[in-house]
Structure formats: C-alpha cells, structure tokens
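Below is input-v1.cif, holding mmCIF, C-alpha atoms and all ligand atoms.
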data_work
loop_
_atom_site.group_PDB
_atom_site.id
_atom_site.type_symbol
_atom_site.label_atom_id
_atom_site.label_comp_id
_atom_site.auth_asym_id
_atom_site.auth_seq_id
_atom_site.Cartn_x
_atom_site.Cartn_y
_atom_site.Cartn_z
ATOM 1 C CA MET B 1 0.000 0.000 0.000
ATOM 2 C CA ILE B 2 1.405 3.350 -1.009
ATOM 3 C CA ARG B 3 0.710 6.217 1.307
ATOM 4 C CA SER B 4 1.185 9.848 0.559
ATOM 5 C CA THR B 5 3.288 12.035 2.772
ATOM 6 C CA GLU B 6 0.140 14.055 3.327
ATOM 7 C CA GLN B 7 -0.980 11.444 5.820
ATOM 8 C CA TYR B 8 1.977 12.369 7.976
ATOM 9 C CA ALA B 9 1.076 16.017 8.138
ATOM 10 C CA ALA B 10 0.558 17.556 11.549
ATOM 11 C CA PRO B 11 -2.207 15.506 13.146
ATOM 12 C CA VAL B 12 -3.702 18.197 15.311
ATOM 13 C CA VAL B 13 -5.293 21.073 13.520
ATOM 14 C CA ASP B 14 -7.342 23.238 15.775
ATOM 15 C CA ARG B 15 -8.369 26.757 15.062
ATOM 16 C CA PRO B 16 -11.037 28.515 17.051
ATOM 17 C CA ALA B 17 -14.043 29.386 14.931
ATOM 18 C CA ALA B 18 -15.658 32.814 15.031
ATOM 19 C CA GLY B 19 -16.756 33.555 18.556
ATOM 20 C CA GLY B 20 -13.877 31.546 20.025
ATOM 21 C CA ARG B 21 -15.585 28.167 19.893
ATOM 22 C CA SER B 22 -13.775 25.228 18.369
ATOM 23 C CA VAL B 23 -15.579 23.374 15.638
ATOM 24 C CA SER B 24 -14.782 19.725 14.994
ATOM 25 C CA ALA B 25 -14.702 18.710 11.378
ATOM 26 C CA ARG B 26 -12.507 16.517 9.298
ATOM 27 C CA PRO B 27 -11.903 16.631 5.567
ATOM 28 C CA ALA B 28 -13.443 13.544 3.971
ATOM 29 C CA ASN B 29 -10.094 12.170 2.824
ATOM 30 C CA ALA B 30 -8.068 12.934 5.958
ATOM 31 C CA ARG B 31 -6.817 10.221 8.303
ATOM 32 C CA LEU B 32 -6.159 10.940 11.923
ATOM 33 C CA VAL B 33 -2.565 10.210 12.951
ATOM 34 C CA ASN B 34 -2.172 7.998 16.014
ATOM 35 C CA ALA B 35 0.865 7.602 18.256
ATOM 36 C CA MET B 36 3.018 4.458 18.018
ATOM 37 C CA SER B 37 5.313 3.527 20.910
ATOM 38 C CA VAL B 38 7.726 0.758 21.892
ATOM 39 C CA ASP B 39 8.733 -0.044 25.480
ATOM 40 C CA VAL B 40 12.330 -1.166 25.015
ATOM 41 C CA GLU B 41 13.037 -3.945 27.517
ATOM 42 C CA ASP B 42 14.242 -7.526 27.208
ATOM 43 C CA TYR B 43 12.125 -10.659 27.742
ATOM 44 C CA TYR B 44 13.592 -11.345 31.217
ATOM 45 C CA GLN B 45 12.997 -7.779 32.490
ATOM 46 C CA VAL B 46 9.184 -7.744 32.412
ATOM 47 C CA SER B 47 7.322 -7.158 35.671
ATOM 48 C CA ALA B 48 5.371 -10.423 35.338
ATOM 49 C CA PHE B 49 8.643 -12.358 35.809
ATOM 50 C CA ALA B 50 10.037 -10.113 38.577
ATOM 51 C CA GLY B 51 9.140 -12.701 41.239
ATOM 52 C CA THR B 52 11.162 -15.337 39.382
ATOM 53 C CA ILE B 53 14.160 -13.345 38.089
ATOM 54 C CA GLY B 54 15.995 -10.851 40.285
ATOM 55 C CA ARG B 55 17.825 -7.875 38.753
ATOM 56 C CA ALA B 56 21.129 -9.442 39.857
ATOM 57 C CA ASP B 57 20.358 -12.383 37.536
ATOM 58 C CA TRP B 58 19.727 -10.239 34.447
ATOM 59 C CA PRO B 59 23.305 -10.392 33.094
ATOM 60 C CA SER B 60 23.129 -14.203 33.007
ATOM 61 C CA TYR B 61 20.308 -14.210 30.433
ATOM 62 C CA PRO B 62 21.150 -14.035 26.727
ATOM 63 C CA SER B 63 20.242 -10.593 25.455
ATOM 64 C CA ARG B 64 17.800 -10.411 22.532
ATOM 65 C CA VAL B 65 16.650 -6.806 22.803
ATOM 66 C CA GLU B 66 19.059 -5.428 20.232
ATOM 67 C CA GLN B 67 18.167 -7.825 17.421
ATOM 68 C CA ASN B 68 14.443 -7.472 18.161
ATOM 69 C CA THR B 69 14.579 -3.675 18.276
ATOM 70 C CA ARG B 70 16.471 -3.667 14.958
ATOM 71 C CA ARG B 71 13.678 -5.721 13.396
ATOM 72 C CA ILE B 72 11.210 -3.148 14.658
ATOM 73 C CA LEU B 73 13.309 -0.331 13.211
ATOM 74 C CA ASP B 74 13.315 -2.170 9.855
ATOM 75 C CA LEU B 75 9.562 -2.689 10.048
ATOM 76 C CA PHE B 76 8.988 0.996 10.776
ATOM 77 C CA ALA B 77 11.328 2.023 7.948
ATOM 78 C CA GLU B 78 9.503 -0.279 5.561
ATOM 79 C CA THR B 79 6.086 1.102 6.508
ATOM 80 C CA ASN B 80 7.294 4.701 6.789
ATOM 81 C CA VAL B 81 6.299 4.994 10.441
ATOM 82 C CA ARG B 82 8.005 7.078 13.096
ATOM 83 C CA ALA B 83 7.453 6.186 16.737
ATOM 84 C CA THR B 84 8.414 6.898 20.337
ATOM 85 C CA PHE B 85 10.866 4.471 21.994
ATOM 86 C CA PHE B 86 10.636 4.392 25.798
ATOM 87 C CA MET B 87 14.022 2.957 26.738
ATOM 88 C CA LEU B 88 15.388 1.563 29.994
ATOM 89 C CA GLY B 89 18.473 3.475 31.198
ATOM 90 C CA CYS B 90 20.368 0.245 31.908
ATOM 91 C CA LEU B 91 19.827 -0.921 28.314
ATOM 92 C CA ALA B 92 20.966 2.440 26.934
ATOM 93 C CA GLU B 93 24.233 1.963 28.833
ATOM 94 C CA ARG B 94 24.633 -1.539 27.412
ATOM 95 C CA HIS B 95 23.556 -0.744 23.823
ATOM 96 C CA PRO B 96 24.496 2.913 23.173
ATOM 97 C CA HIS B 97 24.697 2.425 19.390
ATOM 98 C CA LEU B 98 21.089 1.181 19.413
ATOM 99 C CA VAL B 99 20.008 4.411 21.105
ATOM 100 C CA ARG B 100 21.785 6.412 18.425
ATOM 101 C CA GLU B 101 20.218 4.354 15.632
ATOM 102 C CA ILE B 102 16.752 5.025 17.045
ATOM 103 C CA VAL B 103 17.449 8.762 17.022
ATOM 104 C CA GLU B 104 19.134 8.757 13.605
ATOM 105 C CA GLN B 105 16.087 7.087 12.074
ATOM 106 C CA GLY B 106 13.854 9.945 13.187
ATOM 107 C CA HIS B 107 12.165 8.348 16.176
ATOM 108 C CA GLU B 108 11.535 9.990 19.526
ATOM 109 C CA LEU B 109 13.760 8.853 22.393
ATOM 110 C CA ALA B 110 11.979 8.722 25.753
ATOM 111 C CA SER B 111 12.487 7.205 29.197
ATOM 112 C CA HIS B 112 11.186 3.950 30.689
ATOM 113 C CA GLY B 113 13.149 4.448 33.945
ATOM 114 C CA TYR B 114 16.534 2.914 34.742
ATOM 115 C CA SER B 115 15.786 -0.729 35.557
ATOM 116 C CA HIS B 116 12.026 -1.223 35.441
ATOM 117 C CA TYR B 117 11.140 -0.558 39.074
ATOM 118 C CA ARG B 118 7.452 0.250 39.275
ATOM 119 C CA VAL B 119 6.658 3.685 40.689
ATOM 120 C CA PHE B 120 4.880 2.276 43.751
ATOM 121 C CA GLU B 121 8.045 0.325 44.652
ATOM 122 C CA GLN B 122 9.943 3.612 45.086
ATOM 123 C CA THR B 123 9.830 6.556 47.457
ATOM 124 C CA PRO B 124 9.477 9.980 45.808
ATOM 125 C CA ALA B 125 13.219 10.564 46.443
ATOM 126 C CA GLN B 126 14.197 7.244 44.842
ATOM 127 C CA PHE B 127 11.893 7.939 41.915
ATOM 128 C CA ARG B 128 13.396 11.402 41.429
ATOM 129 C CA ASP B 129 16.876 9.870 41.349
ATOM 130 C CA ASP B 130 15.787 7.107 38.941
ATOM 131 C CA VAL B 131 14.123 9.387 36.382
ATOM 132 C CA SER B 132 16.817 12.089 36.563
ATOM 133 C CA THR B 133 19.624 9.555 36.096
ATOM 134 C CA THR B 134 17.853 7.854 33.196
ATOM 135 C CA LYS B 135 17.074 11.147 31.458
ATOM 136 C CA LYS B 136 20.735 12.144 31.618
ATOM 137 C CA ILE B 137 21.974 8.762 30.332
ATOM 138 C CA LEU B 138 19.560 8.859 27.393
ATOM 139 C CA GLU B 139 20.295 12.485 26.519
ATOM 140 C CA ASP B 140 24.077 11.994 26.727
ATOM 141 C CA THR B 141 23.870 8.854 24.596
ATOM 142 C CA GLY B 142 21.295 9.973 22.048
ATOM 143 C CA GLY B 143 22.298 13.622 21.839
ATOM 144 C CA VAL B 144 18.673 14.776 21.944
ATOM 145 C CA ALA B 145 16.356 16.163 24.619
ATOM 146 C CA VAL B 146 14.245 13.536 26.379
ATOM 147 C CA ASN B 147 10.791 14.885 27.222
ATOM 148 C CA GLY B 148 8.660 11.785 27.673
ATOM 149 C CA TYR B 149 8.413 9.086 30.338
ATOM 150 C CA ARG B 150 6.476 5.831 30.649
ATOM 151 C CA ALA B 151 6.305 4.125 34.036
ATOM 152 C CA ALA B 152 7.149 0.410 34.233
ATOM 153 C CA SER B 153 3.884 -1.552 34.005
ATOM 154 C CA PHE B 154 1.784 1.645 33.949
ATOM 155 C CA SER B 155 2.495 2.012 37.657
ATOM 156 C CA ILE B 156 1.308 5.581 38.124
ATOM 157 C CA ASN B 157 -1.920 5.123 40.053
ATOM 158 C CA ARG B 158 -3.894 7.208 42.566
ATOM 159 C CA ASP B 159 -1.345 6.329 45.286
ATOM 160 C CA THR B 160 1.578 7.505 43.161
ATOM 161 C CA TRP B 161 -0.052 10.604 41.626
ATOM 162 C CA TRP B 162 2.878 12.579 43.104
ATOM 163 C CA ALA B 163 5.021 11.132 40.322
ATOM 164 C CA PHE B 164 3.763 13.727 37.822
ATOM 165 C CA GLU B 165 5.199 16.574 39.872
ATOM 166 C CA VAL B 166 8.551 14.776 40.229
ATOM 167 C CA LEU B 167 8.687 14.106 36.484
ATOM 168 C CA ALA B 168 7.988 17.771 35.692
ATOM 169 C CA GLU B 169 10.645 18.926 38.172
ATOM 170 C CA ALA B 170 13.156 16.570 36.530
ATOM 171 C CA GLY B 171 12.491 18.272 33.184
ATOM 172 C CA HIS B 172 9.987 15.957 31.490
ATOM 173 C CA THR B 173 7.009 17.532 29.735
ATOM 174 C CA TYR B 174 4.775 14.491 29.397
ATOM 175 C CA SER B 175 4.140 10.972 30.590
ATOM 176 C CA SER B 176 2.211 8.078 29.040
ATOM 177 C CA SER B 177 1.926 5.989 32.186
ATOM 178 C CA VAL B 178 -1.736 5.707 33.096
ATOM 179 C CA ASN B 179 -3.792 2.809 31.777
ATOM 180 C CA PRO B 180 -7.410 3.789 32.497
ATOM 181 C CA ILE B 181 -8.780 0.253 32.803
ATOM 182 C CA GLN B 182 -9.354 -2.416 35.445
ATOM 183 C CA HIS B 183 -6.447 -4.908 35.477
ATOM 184 C CA ASP B 184 -4.946 -7.153 38.145
ATOM 185 C CA HIS B 185 -1.458 -5.606 37.860
ATOM 186 C CA TYR B 186 -2.205 -1.964 37.047
ATOM 187 C CA GLY B 187 -4.844 0.515 35.992
ATOM 188 C CA VAL B 188 -6.752 3.592 37.114
ATOM 189 C CA PRO B 189 -10.273 2.714 35.946
ATOM 190 C CA ASP B 190 -11.704 6.134 36.803
ATOM 191 C CA ALA B 191 -8.924 8.191 35.172
ATOM 192 C CA ASP B 192 -9.591 10.311 32.092
ATOM 193 C CA ARG B 193 -9.469 8.264 28.893
ATOM 194 C CA PHE B 194 -7.690 11.002 26.996
ATOM 195 C CA SER B 195 -4.791 13.313 27.735
ATOM 196 C CA PHE B 196 -5.079 15.536 30.776
ATOM 197 C CA ARG B 197 -3.086 17.927 32.921
ATOM 198 C CA PRO B 198 -2.611 16.373 36.386
ATOM 199 C CA ASN B 199 -3.431 18.744 39.240
ATOM 200 C CA GLY B 200 -3.927 21.597 36.781
ATOM 201 C CA SER B 201 -0.211 21.728 36.000
ATOM 202 C CA ALA B 202 1.444 22.357 32.626
ATOM 203 C CA PHE B 203 2.554 18.715 32.543
ATOM 204 C CA THR B 204 0.616 16.336 30.248
ATOM 205 C CA GLU B 205 -0.402 12.733 30.897
ATOM 206 C CA ILE B 206 -1.347 10.777 27.762
ATOM 207 C CA PRO B 207 -3.124 7.560 28.842
ATOM 208 C CA ILE B 208 -3.036 4.298 26.910
ATOM 209 C CA THR B 209 -6.034 4.075 24.599
ATOM 210 C CA THR B 210 -9.297 2.422 25.574
ATOM 211 C CA VAL B 211 -12.582 2.107 23.711
ATOM 212 C CA GLU B 212 -15.954 2.532 25.377
ATOM 213 C CA VAL B 213 -18.522 -0.142 24.502
ATOM 214 C CA LEU B 214 -21.984 -0.062 26.093
ATOM 215 C CA GLY B 215 -20.611 2.042 28.923
ATOM 216 C CA ARG B 216 -17.651 -0.281 29.567
ATOM 217 C CA ARG B 217 -14.018 0.542 28.922
ATOM 218 C CA LEU B 218 -12.084 -2.026 26.956
ATOM 219 C CA PRO B 219 -8.344 -1.988 26.204
ATOM 220 C CA CYS B 220 -7.455 -0.810 22.702
ATOM 221 C CA GLY B 221 -3.861 0.351 23.111
ATOM 222 C CA GLY B 222 -1.780 -2.705 22.221
ATOM 223 C CA GLY B 223 0.355 -4.940 24.442
ATOM 224 C CA GLY B 224 -0.910 -8.373 25.398
ATOM 225 C CA TYR B 225 -4.513 -7.582 24.473
ATOM 226 C CA PHE B 226 -3.499 -6.829 20.900
ATOM 227 C CA ARG B 227 -1.713 -10.179 20.689
ATOM 228 C CA LEU B 228 -4.469 -12.188 22.356
ATOM 229 C CA PHE B 229 -7.623 -10.895 20.656
ATOM 230 C CA PRO B 230 -8.584 -11.013 16.964
ATOM 231 C CA TYR B 231 -7.134 -8.203 14.870
ATOM 232 C CA GLN B 232 -10.569 -7.176 13.602
ATOM 233 C CA CYS B 233 -11.787 -6.467 17.174
ATOM 234 C CA TRP B 234 -8.857 -4.158 17.833
ATOM 235 C CA ARG B 235 -9.260 -2.429 14.453
ATOM 236 C CA TRP B 236 -12.968 -1.842 15.115
ATOM 237 C CA GLY B 237 -12.074 -0.325 18.494
ATOM 238 C CA LEU B 238 -9.466 2.013 17.079
ATOM 239 C CA ARG B 239 -11.850 3.162 14.358
ATOM 240 C CA GLN B 240 -14.349 3.994 17.108
ATOM 241 C CA VAL B 241 -11.728 6.042 18.951
ATOM 242 C CA ASN B 242 -10.646 7.876 15.794
ATOM 243 C CA GLY B 243 -14.194 8.194 14.448
ATOM 244 C CA SER B 244 -16.808 8.447 17.213
ATOM 245 C CA ASP B 245 -14.484 9.933 19.830
ATOM 246 C CA GLY B 246 -12.552 11.927 17.218
ATOM 247 C CA ARG B 247 -9.322 11.354 19.133
ATOM 248 C CA ALA B 248 -5.829 10.094 18.400
ATOM 249 C CA ALA B 249 -4.814 6.796 20.013
ATOM 250 C CA VAL B 250 -1.660 5.650 21.809
ATOM 251 C CA PHE B 251 -0.443 2.136 20.967
ATOM 252 C CA TYR B 252 2.413 0.258 22.652
ATOM 253 C CA PHE B 253 4.261 -3.043 22.351
ATOM 254 C CA HIS B 254 7.603 -4.578 23.347
ATOM 255 C CA PRO B 255 10.542 -5.943 21.321
ATOM 256 C CA TRP B 256 10.156 -9.416 22.904
ATOM 257 C CA GLU B 257 6.584 -9.639 21.559
ATOM 258 C CA ILE B 258 7.853 -10.225 18.014
ATOM 259 C CA ASP B 259 10.362 -12.882 19.147
ATOM 260 C CA PRO B 260 8.859 -16.405 19.258
ATOM 261 C CA GLU B 261 12.346 -17.903 19.699
ATOM 262 C CA GLN B 262 13.067 -16.210 23.043
ATOM 263 C CA PRO B 263 14.175 -18.535 25.866
ATOM 264 C CA ARG B 264 11.278 -19.698 28.037
ATOM 265 C CA ILE B 265 11.335 -18.610 31.691
ATOM 266 C CA ALA B 266 10.721 -21.523 34.010
ATOM 267 C CA GLY B 267 9.002 -20.997 37.326
ATOM 268 C CA ALA B 268 6.684 -18.130 36.345
ATOM 269 C CA SER B 269 2.979 -18.539 37.058
ATOM 270 C CA ARG B 270 0.759 -20.185 34.443
ATOM 271 C CA ARG B 271 -1.109 -16.925 34.004
ATOM 272 C CA SER B 272 2.098 -14.958 33.377
ATOM 273 C CA GLN B 273 3.335 -17.604 30.951
ATOM 274 C CA LEU B 274 0.049 -17.562 29.064
ATOM 275 C CA ARG B 275 0.072 -13.771 28.794
ATOM 276 C CA HIS B 276 3.710 -13.583 27.767
ATOM 277 C CA TYR B 277 3.944 -16.394 25.221
ATOM 278 C CA THR B 278 0.535 -16.514 23.482
ATOM 279 C CA ASN B 279 0.536 -15.513 19.798
ATOM 280 C CA LEU B 280 4.169 -14.372 19.642
ATOM 281 C CA LYS B 281 4.384 -16.068 16.225
ATOM 282 C CA ILE B 282 1.627 -13.963 14.669
ATOM 283 C CA MET B 283 2.449 -10.654 16.356
ATOM 284 C CA GLU B 284 4.666 -9.272 13.614
ATOM 285 C CA ALA B 285 2.088 -9.935 10.897
ATOM 286 C CA LYS B 286 -0.624 -8.332 13.033
ATOM 287 C CA LEU B 287 1.570 -5.321 13.667
ATOM 288 C CA ARG B 288 2.261 -4.954 9.984
ATOM 289 C CA ARG B 289 -1.485 -4.764 9.343
ATOM 290 C CA ALA B 290 -1.934 -2.183 12.074
ATOM 291 C CA LEU B 291 0.927 -0.092 10.696
ATOM 292 C CA THR B 292 -0.642 0.015 7.237
ATOM 293 C CA ASP B 293 -4.337 0.206 8.212
ATOM 294 C CA PHE B 294 -3.784 3.372 10.275
ATOM 295 C CA SER B 295 -1.428 6.365 10.201
ATOM 296 C CA TRP B 296 1.169 6.695 12.957
ATOM 297 C CA SER B 297 3.789 9.033 14.308
ATOM 298 C CA ARG B 298 5.771 9.912 17.447
ATOM 299 C CA ILE B 299 3.905 10.798 20.641
ATOM 300 C CA ASP B 300 5.427 14.280 20.824
ATOM 301 C CA GLU B 301 4.270 15.084 17.287
ATOM 302 C CA VAL B 302 0.779 13.657 17.689
ATOM 303 C CA PHE B 303 -0.031 15.100 21.089
ATOM 304 C CA LEU B 304 2.272 17.994 21.787
ATOM 305 C CA GLY B 305 2.718 19.572 18.380
ATOM 306 C CA ASP B 306 0.410 22.472 19.092
ATOM 307 C CA GLY B 307 1.365 22.794 22.740
ATOM 308 C CA ARG B 308 -2.148 21.879 23.803
ATOM 309 C CA GLY B 309 -1.555 18.233 24.360
ATOM 310 C CA ASP B 310 -4.942 16.649 23.876
ATOM 311 C CA GLY B 311 -4.599 15.024 20.447
ATOM 312 C CA ARG B 312 -8.113 16.069 19.495
ATOM 313 C CA ILE B 313 -9.201 16.618 15.936
ATOM 314 C CA GLY B 314 -10.039 20.251 15.773
ATOM 315 C CA ALA B 315 -11.533 22.736 13.422
ATOM 316 C CA VAL B 316 -10.372 22.539 9.863
ATOM 317 C CA SER B 317 -11.173 25.328 7.476
HETATM 318 ZN ZN ZN X 401 8.060 -1.982 30.688
#

Could you render the structure as structure tokens?
Amino acid sequence: MIRSTEQYAAPVVDRPAAGGRSVSARPANARLVNAMSVDVEDYYQVSAFAGTIGRADWPSYPSRVEQNTRRILDLFAETNVRATFFMLGCLAERHPHLVREIVEQGHELASHGYSHYRVFEQTPAQFRDDVSTTKKILEDTGGVAVNGYRAASFSINRDTWWAFEVLAEAGHTYSSSVNPIQHDHYGVPDADRFSFRPNGSAFTEIPITTVEVLGRRLPCGGGGYFRLFPYQCWRWGLRQVNGSDGRAAVFYFHPWEIDPEQPRIAGASRRSQLRHYTNLKIMEAKLRRALTDFSWSRIDEVFLGDGRGDGRIGAVS
C-alpha cells in the first residue's frame, strides 16, 4: 500500500471558529494520525517475571533486545512509520549504538526508567533519582532532549499521583503511564481516557487508549490484548476512537513480543506464561497490518505539536 506524505502532516489542527468556539470537522479524505510507541526492555525484564528473576540475575540471560529492536526499526522504515521508543536506562548503557540508531532514524527517544522498578516500589526521592539519572543517560547517549516518560507496568496510580510533579521537576514535559482500565497488575479505571493535565499543571499525561462499549471501557492500546484478541476487534475499536471519539490513540508493544524464539522462563505462574507467550508467532504480521491500516507518528508530534496536548481533531477550514 502506497501512502502519501500528506498522511503524515501535523495531526492536530485546531483553530477557534468565530466567537472563540472550536468546531470539529474533518476533511473527507483525511486520516487521523495515532501515536506508536515501543517499550524497550528484554524478555527477562518484564514485571510479570520479577518474582522469578531478580535484577542481579539479568546479566546471566542471553540478550535479545538489540536484534528485536532492529527488526522493529526495519519494520517501521519499511512502513514509513516514526514512533516513540521508551528505553530503559540500563539498556541504553549496554547498547548505546542502538540508542543512536533510534534517534538517527527519526524516532523519539523517551524514558522507561533505569531498571524497570514500578513507581509504587519507590519513594518519591528514589523515583526522582531514577528518572533524573535515566534522562541524563539517554540524553548523553542519544544527543537529543528527552521529554517523555512511561512508568514500568503503567504504575502511576492514585497512590503515586505525586510522580507527575517529580517528572515535571526533573524536566519531562509528558508521561504516558496511566492505563485507564481495570487490570490485576495496574490501571486507574476512573482516570480520564484522553490526555489531561494532572493537578492543573502544565505537565501532560497521555493515557493508553481504551474504547468505550456499552458504557464499559475495553483496552485498545496494544500490548498483550493486541496479541491475544482477533485483529478485527482491535481495528474496530481504534476506528471507534478515531471516528466516534474523534481522538488520536496511543499504541504500545515490546521488542520481545515479536520474538517467538526467546528462551522460556521456568518458574513463572501459568497466568504470566500464558500472557507472555501466546501468539508471539503472529504478532509481527498483526503489527504490519496495524501499521498500514492506520497512520502513525511519534507521541510528541501527535499530542504535543500544538502545545495543547490533547490530540483532538479540531476545526479545519
Ligand atoms: Zn516496561
């Protein structure tokens, strides 16, 4: 499928109509641009295996993150997609050339924290140290400003709402760390579905995308759900978000999700194993469909291009 560069034009066009009111309208042939993101971590670093594999054991596992991330870079180059890569600080130290390749290929470099501690496992002081250190490592390695942050396992919840203030103080301008659904490991089911300014600050939170069906929120932002459920269900959901809601979506996945050959982790719970290993073989083909069925770009371009940060389709004249 050949796509014109027009589809990659600035996604947010919002001009107040006469009288100061915004009018929502979309040219018939325009496609809304959604935000694509990758959480760069290796298969043995995921939170679901944290009870089985300690951080001290990480160096003993064969690393596969570099080859998997390269495949993703190739896939994005092939489909003409730019994305945001949320990278662990410890991986940036180990694979500095990978960080530079991500930047050189036009993607946004952002932070996933140093070593995947969830926010609620840290005190505010520890969190401040973690995000400041990681930001500096990424910026020194990539040679670009790092503005975005995604918490390990979407671990900003009502108990860790203070994290937004710490992130802003450390120089970040946005986070994409809230998953506004009910889930056994994470989620803030009553949070806004779309981007918001926590505590009325200038900082922006851009939650993972959900779709509302008969008053219920369902996940529509990627990850395990995208792998587990039929592609057509996800595509229907995203069309609802882009069409009925008139909003841009945020999608995420991990390098290990396109790697069916990764070593199996013994000792993890059946539930974790099921979530982690199901449909790894078909993930890349599914992703390829998603990349061509919708238009995508970096989070900063989709949501922060006009400084307003809500990703809404606005008035078009
Ligand atoms: Zn993660």

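Across B:Ser244, B:Ser295, B:Asn279, B:Gln45, the tightest approach to ligand ZN 401 (chain X) is made by B:Gln45 when counting all atoms listed in the file.
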
Could you spell out the hits of the PyMOL selection byres (((chain B and resi 85) around 7) and not hetatm) on the shown file, as number ranges by chain? B: 37-40, 83-84, 86-87, 108-110

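Nearest residue to ligand ZN 401 (chain X) among B:Arg71, B:Arg31, B:Arg118, B:Arg217 is B:Arg118, counting all atoms listed in the file.
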
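Residue membership of the PyMOL selection byres (((not hetatm)) within 7 of (chain X and resi 401)) in the shown file amounts to B:Asp39, B:Glu41, B:Val46, B:His112, B:His116, B:Ala152, B:Ser153.
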
Take the residues that were just selected and, keeping C-alpha atoms, output them as a short mmCIF file (atom, residue, chain, number, x, y, z; two decimals), in the frame of the given file.
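Once written, out.cif looks like this:
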data_model
loop_
_atom_site.label_atom_id
_atom_site.label_comp_id
_atom_site.auth_asym_id
_atom_site.auth_seq_id
_atom_site.Cartn_x
_atom_site.Cartn_y
_atom_site.Cartn_z
CA ASP B 39 8.73 -0.04 25.48
CA GLU B 41 13.04 -3.94 27.52
CA VAL B 46 9.18 -7.74 32.41
CA HIS B 112 11.19 3.95 30.69
CA HIS B 116 12.03 -1.22 35.44
CA ALA B 152 7.15 0.41 34.23
CA SER B 153 3.88 -1.55 34.01
#

Would you list the contacts of Thr52 in chain B as a compact mmCIF listing (two decimals) with C-alpha atoms, in the coordinates of the input, taking every protein, DNA or RNA residue within 8 Å and counting all atoms listed in the file, but skipping same-chain residues closer than 3 positions in sequence?
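After the write, selection-v3.txt holds the following:
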# COMPACT_ATOMS: atom_id res chain seq x y z
CA PHE B 49 8.64 -12.36 35.81
CA GLY B 267 9.00 -21.00 37.33
CA ALA B 268 6.68 -18.13 36.34

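Closest to Asn157 in chain B among B:Cys233, B:Phe194, B:Pro207, B:Tyr114 is B:Pro207, based on only C-alpha atoms.
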
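Checking B:Ile282, B:Val241, B:Val188, B:Val131 one by one against Gly171 in chain B, counting all atoms listed in the file, you find the shortest gap at B:Val131.
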
Quick check on the file I pasted: which residues fall under the PyMOL selection byres (((chain B and resi 89) around 8) and not hetatm)? Write them as a ChimeraX atom specification. /B:87-88,90-93,111-115,133-135,137-138

Using the selection just defined, write its residues with C-alpha atoms as a short mmCIF file (atom, residue, chain, number, x, y, z; two decimals), keeping the file's coordinate frame.
data_model
loop_
_atom_site.label_atom_id
_atom_site.label_comp_id
_atom_site.auth_asym_id
_atom_site.auth_seq_id
_atom_site.Cartn_x
_atom_site.Cartn_y
_atom_site.Cartn_z
CA MET B 87 14.02 2.96 26.74
CA LEU B 88 15.39 1.56 29.99
CA CYS B 90 20.37 0.24 31.91
CA LEU B 91 19.83 -0.92 28.31
CA ALA B 92 20.97 2.44 26.93
CA GLU B 93 24.23 1.96 28.83
CA SER B 111 12.49 7.20 29.20
CA HIS B 112 11.19 3.95 30.69
CA GLY B 113 13.15 4.45 33.94
CA TYR B 114 16.53 2.91 34.74
CA SER B 115 15.79 -0.73 35.56
CA THR B 133 19.62 9.56 36.10
CA THR B 134 17.85 7.85 33.20
CA LYS B 135 17.07 11.15 31.46
CA ILE B 137 21.97 8.76 30.33
CA LEU B 138 19.56 8.86 27.39
#

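Our summary of the geometry notes that CA of Gly143 in chain B is positioned 20.5 Å from CA of Leu304 in chain B.
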
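Among the candidates B:Gln240, B:Thr278, B:Ser47, B:Ser63, the one nearest to Phe226 in chain B when counting all atoms listed in the file is B:Thr278.
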
Need to verify the contact set: Arg128 in chain B, 9 Å, all atoms listed in the file, exclusion of same-chain residues closer than 5 positions in sequence. Can you return it as JSON, numbers by chain? {"B": [123, 133, 163, 166, 167, 169, 170]}

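Candidate residues B:Val119, B:Val146, B:Ile208, B:Ile258 were compared for distance to Val65 in chain B, and the nearest is B:Ile258, using only C-alpha atoms.
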
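A straight line drawn from CA of Gly51 in chain B to CA of Ile156 in chain B is 20.1 Å long.
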
Taking 6 positions as the minimum chain separation for residues in the same chain, which residues sit within 7 Å of range 95-99 of chain B when counting only C-alpha atoms? Answer as a PyMOL selection string. chain B and resi 66+141-142

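The interatomic distance for the pair CA of Arg289 in chain B and CA of Ala248 in chain B works out to 17.9 Å.
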
Excluding same-chain residues fewer than 6 positions from Leu274 in chain B, what lies within 12 Å of it counting all atoms listed in the file, as JSON, numbers by chain? {"B": [48, 224, 225, 227, 228, 264, 265, 268, 280]}
